[in-house]
Structure formats: C-alpha cells, structure tokens
Amino acid sequence: MPAPAVGEFLRSRGVTRRDFMRFCASATALLGLPATFAPRVAAALERAQRPSVIWLPFQECTGCTESITRAHGATIESLIFEAISLDYQHTLQAAAGEAAEEARERAMKDQWGRYLLIVDGSVPTGNPGFGTIAGHDYRSMLEEAAAGAAAIVALGTCATYGGIPGAAPNPTGAVPVAAIVKDKPIVNVPGCPPIPVVITVVLVQYLTFGQLPELDALGRPRAFYGQTVHDRCYRRPFYERGQFAETFDDEGARQGWCLYKLGCKGPTTYNACATVKWNNGTRFPL
C-alpha cells in the first residue's frame with residue numbers, strides 16, 4: 001500500500017483546514033514568497049507524497065535532534081516533520097543493531113536517487129575509529145548515503161562548519177559535510193542548535209516545489225540567513241539611541257537596553273533568531 005499523501009496524513013492527526021492554511025501562509029511568508037502563493041503551497045503540499053529521509057548523526061551532542069523534534073510542541077510544524085518518512089535516525093528509531101542497519105540499507109536501495117539525506121555532526125577524517133555506527137566509520141557512511149541522495153541538509157554548526165569538534169587543535173580531523181561531498185546539492189542550516197522551523201520550511205519547499213530554497217554564498221536558506229540578528233532585534237531601538245547595558249545587572253540591563261557592549265554578536269550574526277525564536281516563539285538567546 002502506498003504511503004498516504006501529506007494532506008491525508010495531517011488530517012489523520014487532527015489538523016483542521018484552518019490550521020493547515022494558517023501554516024501554509026506562514027511558510028509562504030518565511031520563504032519570502034508573495035502572499036498569493038499560499039493557496040499554491042497548500043494545494044501542492046496537500047498532494048505531496050511523504051519523502052524518504054535518512055538522517056545520519058555523526059560527531060554531535062544530540063542538541064540538533066532535540067531542537068528539531070521539539071518544533072513548537074505538538075503543532076503543525078512538528079507534524080510536518082513527522083509527515084516525512086524518517087527511515088533511519090540512529091537516536092530516534094526504535095530499531096537497533098542489525099535491524100536498524102537493515103532499515104537504512106533498504107531505504108537507500110528502494111529510494112535510490114530520491115531520498116533526502118540529513119546529517120548533523122562533523123565528520124572525522126583521522127582514524128576511522130574516532131566515529132563508527134555498527135562497525136561503519138562515519139566518513140564511509142556519509143559517502144555511501146550521499147551517493148544515492150537527491151539532496152543533503154547539513155544540520156547544525158558542526159555539520160556546516162565543523163563546530164566544536166573541528167576547533168583547534170582538532171584532534172579527530174573533523175570537517176563539515178561539504179568538505180567530503182562535492183557532487184550533491186547541500187543546504188546548510190547552521191546554528192547551535194538550529195531553529196526548528198528552518199528545517200520544517202526547507203522540507204515544505206522541497207515537498208511543494210520539488211526544489212531546495214534559494215541559498216546564500218554559504219549555502220544557507222537566504223530567507224532565514226539573509227539578515228543579521230541585529231537587523232530584527234527588539235533591542236535595536238536602544239542601540240540607535242546609544243543606550244547600552246554596561247554590566248549584566250545594571251539599570252540598563254534591567255530595562256532591556258542593548259547588549260552590544262557586553263559581547264552581543266547580533267550585528268555580525270546572520271540568522272532569523274529574533275523573529276522566529278524558540279520555545280513557542282517566545283524568546284531567543286542573545
């Protein structure tokens with residue numbers, strides 16, 4: 001029996017038409033598309049088949065997995081993530097050992113050339129023993145899975161830039177995904193951890209239009225990484241007025257003044273933290 005379309009799956013989980021259209025309107029805006037595209041996004045998403053996704057966790061702390069699986073609680077954002085056919089994820093899947101590896105190999109064989117590959121964590125290039133799953137070293141697993149992938153999403157700062165494992169003196173020879181894979185489209189979604197809705201909207205665009213979002217020079221979705229945190233920060237008016245907190249417990253800090261003098265990197269950090277936020281859209285780290 002073929003897998004249900006995304007629309008059918010969402011209805012089975014109790015998502016109303018109103019909530020579905022609200023989500024499509026939000027996703028359309030986040031993608032930087034005109035509001036008139038929302039019905040088109042909804043119609044395409046309704047019919048889209050659940051894509052096969054293989055997720056490989058390498059040198060990471062599981063923070064990216066925690067962030068993505070807690071996408072604003074039990075909302076449609078998290079259901080969109082559930083709507084994919086997540087055929088392998090070492091941390092989340094119930095299967096273990098041989099059964100888990102058989103699931104990965106079967107998904108790769110059945111969906112060769114069509115599945116999405118998500119990778120979080122950097123890839124060690126030193127001794128193969130620095131990172132293995134079921135006796136397979138990370139680099140070999142990545143090269144094998146990437147060969148049959150339609151596209152790759154490098155999730156989190158470790159997968160996109162090397163992150164903490166790649167910091168000097170880098171004893172494992174950790175590198176980002178793009179240093180290994182050269183012949184596949186790669187979407188970089190940096191962040192420690194990345195914002196859940198970014199990966200959700202990347203999936204929506206892939207499901208809706210069959211293509212990846214517009215990327216910037218660093219391979220990041222331009223809709224989310226096209227402006228600095230400073231550009232959208234709610235403390236920006238204090239910056240413009242020259243009102244800066246001098247310590248973390250002075251009167252300026254208590255009144256929410258700009259934290260630039262205390263080390264805020266908002267003016268040089270490109271991300272949508274200030275508008276999308278975490279924890280049901282209530283806050284973001286400065």
# chains A, B, ... in the order shown; residues from 1 in each chain; ligands from 1
$ residues_around --residues "Cys233 of chain A" --least-positions-apart "6" --cutoff "10 Å" --atoms "only C-alpha atoms" --output "list in words"
Tyr239, Cys258, Gly266, Pro267, Ala272, Cys273, Ala274, Thr275, Phe284 and Leu286 of chain A
$ write_last_selection --atoms "N, CA and C atoms" --output "JSON list (two decimals), in the first residue's frame"
[["chain", "number", "residue", "atom", "x", "y", "z"],
["A", 239, "TYR", "N", 19.92, 50.51, 20.74],
["A", 239, "TYR", "CA", 21.20, 50.68, 20.06],
["A", 239, "TYR", "C", 21.23, 52.01, 19.32],
["A", 258, "CYS", "N", 20.43, 47.69, 24.94],
["A", 258, "CYS", "CA", 21.25, 46.90, 24.01],
["A", 258, "CYS", "C", 22.44, 46.26, 24.74],
["A", 266, "GLY", "N", 25.10, 40.09, 17.58],
["A", 266, "GLY", "CA", 23.98, 40.31, 16.67],
["A", 266, "GLY", "C", 24.31, 41.04, 15.39],
["A", 267, "PRO", "N", 25.16, 42.09, 15.43],
["A", 267, "PRO", "CA", 25.47, 42.82, 14.19],
["A", 267, "PRO", "C", 26.23, 42.01, 13.14],
["A", 272, "ALA", "N", 17.64, 34.14, 11.73],
["A", 272, "ALA", "CA", 16.29, 34.66, 11.97],
["A", 272, "ALA", "C", 15.86, 34.50, 13.42],
["A", 273, "CYS", "N", 16.82, 34.34, 14.32],
["A", 273, "CYS", "CA", 16.50, 34.12, 15.75],
["A", 273, "CYS", "C", 15.52, 35.16, 16.29],
["A", 274, "ALA", "N", 15.74, 36.42, 15.94],
["A", 274, "ALA", "CA", 14.97, 37.50, 16.55],
["A", 274, "ALA", "C", 13.51, 37.52, 16.13],
["A", 275, "THR", "N", 13.18, 36.87, 15.01],
["A", 275, "THR", "CA", 11.79, 36.86, 14.56],
["A", 275, "THR", "C", 11.13, 35.51, 14.73],
["A", 284, "PHE", "N", 14.64, 34.25, 22.39],
["A", 284, "PHE", "CA", 15.81, 33.75, 21.68],
["A", 284, "PHE", "C", 17.06, 34.18, 22.46],
["A", 286, "LEU", "N", 20.57, 35.86, 23.27],
["A", 286, "LEU", "CA", 21.37, 36.98, 22.79],
["A", 286, "LEU", "C", 22.84, 36.72, 23.09]]
$ select_by_dssp --residues "segment 24-183 of chain A" --states "alpha helix (DSSP H)" --output "number ranges by chain"
A: 24-30, 38-47, 63-69, 76-83, 97-110, 138-147, 157-161
$ closest_atom_pairs --of "segment 51-126 of chain A" --to "segment 184-193 of chain A" --cutoff "8 Å" --atoms "only C-alpha atoms" --output "tab-separated table"
residue	atom	partner	partner_atom	distance
A:Gly63	CA	A:Pro193	CA	5.9
A:Cys64	CA	A:Pro193	CA	5.1
A:Ser67	CA	A:Pro193	CA	6.4
$ closest_residue --among "A:Thr132, A:Thr125, A:Thr69, A:Thr268" --to "Ala174 of chain A" --atoms "only C-alpha atoms"
A:Thr125
$ closest_residue --among "A:Tyr206, A:Pro57, A:Leu30, A:Ala154" --to "Phe224 of chain A" --atoms "only C-alpha atoms"
A:Leu30
$ residues_around --residues "segment 134-143 of chain A" --least-positions-apart "6" --cutoff "8 Å" --atoms "only C-alpha atoms" --output "list in words"
Leu56, Phe58, Gly97, Glu98, Glu101, Val123, Pro124, Thr125, Pro128, Ile180 and Val181 of chain A
$ closest_residue --among "A:Thr269, A:Pro171, A:Ala95, A:Glu60" --to "Gly121 of chain A" --atoms "only C-alpha atoms"
A:Glu60
$ select_by_dssp --residues "segment 43-235 of chain A" --states "strand (DSSP E)" --output "PyMOL selection string"
chain A and resi 52-57+85-89+115-120+123-124+132-133+136-137+149-155+174-175+186-189
$ write_last_selection --atoms "C-alpha atoms" --output "tab-separated table (two decimals), in the first residue's frame"
chain	number	residue	atom	x	y	z
A	52	SER	CA	12.04	9.22	2.38
A	53	VAL	CA	14.60	10.76	4.72
A	54	ILE	CA	17.79	9.19	6.03
A	55	TRP	CA	19.35	11.06	8.96
A	56	LEU	CA	22.94	10.36	9.93
A	57	PRO	CA	24.18	11.69	13.30
A	85	SER	CA	9.15	9.02	6.14
A	86	LEU	CA	12.09	9.07	8.53
A	87	ASP	CA	13.59	5.72	7.58
A	88	TYR	CA	16.77	5.99	9.65
A	89	GLN	CA	17.77	8.11	12.61
A	115	TYR	CA	15.70	10.33	-0.66
A	116	LEU	CA	16.79	13.35	1.35
A	117	LEU	CA	19.88	12.94	3.49
A	118	ILE	CA	20.10	14.91	6.73
A	119	VAL	CA	23.43	14.99	8.51
A	120	ASP	CA	24.16	16.51	11.89
A	123	VAL	CA	32.87	14.12	10.06
A	124	PRO	CA	36.21	12.88	11.46
A	132	THR	CA	31.54	4.45	13.99
A	133	ILE	CA	27.98	3.11	13.85
A	136	HIS	CA	30.91	1.51	9.81
A	137	ASP	CA	33.05	4.62	10.10
A	149	ALA	CA	20.65	11.14	-2.16
A	150	ALA	CA	18.65	13.68	-4.15
A	151	ALA	CA	19.95	16.41	-1.84
A	152	ILE	CA	21.62	16.83	1.53
A	153	VAL	CA	20.73	19.01	4.51
A	154	ALA	CA	23.72	19.73	6.78
A	155	LEU	CA	22.01	20.42	10.10
A	174	ALA	CA	36.74	16.95	11.97
A	175	VAL	CA	35.35	18.61	8.83
A	186	ILE	CA	23.76	20.78	0.04
A	187	VAL	CA	21.61	23.06	2.19
A	188	ASN	CA	23.49	24.36	5.22
A	189	VAL	CA	21.31	25.04	8.27
$ closest_residue --among "A:Trp112, A:Phe130, A:Phe37, A:Tyr225" --to "Ala146 of chain A" --atoms "only C-alpha atoms"
A:Trp112
